[in-house]
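Step one of this worksheet: look at the structure below.
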Amino acid sequence: MEMSNSTLFDPRCRAEAPFSIDVIMQLDIFGIVLFSLLTLMATVSMLVFIEECIYIYKKVPPNKKSVIIWVTGAAPVIATMSCLGMWVPRATMFTDMTSATYFAIVVFKFLILMIEEVGGDNAFLKRSENKSFRISTGPCCCCCPCLPNVPITRKSLFILKLGSYQFALLKLVLTILSIVLWSNGNFSVGDVSANGASIWINCFIGVLTIIALWPVAIMFMHVREALRTLKMIPKYAMYQLVLILSQLQTAIINILAMNGTIACAPPYTSQSRGNCEYHHVAECNITIFTLICKLGTVFI
């Protein structure tokens with residue numbers, strides 16, 4: 001507590017996030033090893049992704065190449081952005097927004113991938129003729145078993161796609177809006193007051209995320225038997241885990257940084273130190289996720 005109070009009056013604790021050169025100059029042996037190891041992890045994730053892209057290009061049918069590459073790219077993109085945010089703390093807002101926007105697109109692409117795995121729109125509609133969607137599922141309506149099932153038609157399938165697509169589109173729009181507001185001094189990631197734009201934009205994004213995940217869950221529940229033969233259920237579970245962990249870790253670390261639990265450690269401010277710790281954890285998670293998916297592809 002005494003150390004926390006002493007750093008509170010350090011002018012560097014009230015400054016902005018440090019420049020890259022400041023981060024590099026203050027690294028000790030442990031810091032050099034840690035940063036080098038995390039950079040290596042991000043590099044491994046990207047190399048695995050490149051190897052998978054080559055395999056997909058050679059072996060996967062043309063109608064599924066693009067969507068599988070998009071979905072497979074989630075882990076290396078998040079790892080690379082976390083690595084850049086770790087080395088360049090002042091770019092954290094942009095790297096985190098890039099990761100979140102990419103993941104919003106992946107949510108929609110994963111829905112499309114599930115449909116493509118059963119033959120595409122026409123094959124899915126023919127296969128599901130006289131059947132219905134069970135909409136009483138998470139994350140919106142898992143506690144509402146009384147909701148009626150919805151007949152599977154071309155219109156209901158379009159609505160499911162639209163429910164996930166809105167997240168990909170509006171997340172990109174809100175990211176651009178946030179950057180515009182930031183450039184004008186009206187947006188700050190650490191500002192959670194009711195008068196700040198950040199809290200309202202993030203709450204809106206949270207609602208959009210829940211709405212986007214609902215169609216994915218509905219489709220997954222309907223085609224899970226077909227996906228089991230294609231060994232996609234473990235990958236679906238892993239992507240859900242990555243989404244939950246990334247959002248939960250960000251929220252917890254931001255709260256701890258804002259109330260001073262994560263102390264300022266010059267040249268890092270409390271917020272930038274929290275962001276750095278989040279990037280460390282995120283890279284470890286993503287690397288483990290990448291290796292599990294890779295080993296699962298080989299051995300399952």
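As shown in the structure tokens, the chain order sets the letters A, B, ...; within each chain, residues go from 1, and ligands are also counted from 1 in the order they appear.
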inquiry  = Based on the backbone DSSP call, show me all residues of stretch 66-207 of chain A assigned helix (DSSP H, G or I), as a ChimeraX atom specification.
reply    = /A:66-72,74-87,89-117,121-127,154-183,197-207
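Near stretch 39-41 of chain A, within 8 Å and counting only C-alpha atoms, sit Ala79, Cys83, Glu283, Cys284 and Thr287 of chain A, not including residues fewer than 6 positions from it in the same chain.
Non-sequential neighbours of A:Phe19 (distance at most 10 Å, separation of 3 or more positions within a chain, only C-alpha atoms) are Glu16, Asp22, Val23, Ile24, Trp87, Val88, Pro89, Arg90, Ala91, Pro267 and Tyr268 of chain A.
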Enumerate, in order of chain and increasing residue number, the residues of stretch 51-73 of chain A with an atom no farther than 7 Å from stretch 93-112 of chain A, each with its shortest atom pair and distance in Å to one decimal, counting only C-alpha atoms, as CSV.
residue,atom,partner,partner_atom,distance
A:Val67,CA,A:Lys109,CA,5.8
A:Trp70,CA,A:Val106,CA,6.4
A:Val71,CA,A:Val106,CA,5.4
Could those selected residues go to a file with C-alpha atoms, as an mmCIF file, in the first residue's frame?
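What follows is the written file again-v5.cif:
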data_model
loop_
_atom_site.group_PDB
_atom_site.id
_atom_site.type_symbol
_atom_site.label_atom_id
_atom_site.label_comp_id
_atom_site.auth_asym_id
_atom_site.auth_seq_id
_atom_site.Cartn_x
_atom_site.Cartn_y
_atom_site.Cartn_z
ATOM 1 C CA VAL A 67 -14.604 -18.861 -44.752
ATOM 2 C CA TRP A 70 -11.244 -16.317 -41.910
ATOM 3 C CA VAL A 71 -12.200 -18.538 -38.967
#
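Candidate residues A:Asn149, A:Asn63, A:Ser45, A:Ser82 were compared for distance to A:Tyr278, and the nearest is A:Ser82, using only C-alpha atoms.
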key: Spatial neighbours of A:Lys126, max dist 10 Å, only C-alpha atoms, sep filter under 6 positions, as a PyMOL selection string   = chain A and resi 119+152-153
task = From the DSSP assignment of the backbone, select every residue of stretch 19-201 of chain A that is strand (DSSP E), and format the answer as number ranges by chain.
result = A: 132-133, 150-151
remark   = Atom pair atom CA of A:Ala217 + atom CA of A:Gly163, distance 11.4 Å
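Closest approach to A:Met114 among A:Ile201, A:Ile68, A:Ile78, A:Met25: A:Ile68, based on only C-alpha atoms.
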request  = Determine, counting only C-alpha atoms, which protein, DNA and RNA residues have an atom within 10 Å of an atom of A:Met46; residues of the same chain fewer than 6 positions away are not included. Present the result as a count of residues only.
outcome  = 10
task = Write out as a ChimeraX atom specification each polymer residue whose atoms come within 10 Å of A:Lys161, counting only C-alpha atoms; drop sequence neighbours fewer than 2 positions from it.
result = /A:108-109,111-112,155-159,163-166,212,215-216,219
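Proximity to A:Leu213 was assessed for A:Arg273, A:Thr92, A:Leu160, A:Asn130 counting only C-alpha atoms; the smallest distance is recorded for A:Leu160.
Reported to one decimal place, the separation of atom CA of A:Val60 from atom CA of A:Asn122 is 20.0 Å.
Taking atom CA of A:Ser132 and atom CA of A:Glu116 as the two end points, the separation is 18.6 Å.
Of the residues under consideration (A:Glu277, A:Glu129, A:Asp121, A:Asp28), A:Glu129 shows the shortest atom-to-atom contact distance to A:Pro151 when counting only C-alpha atoms.
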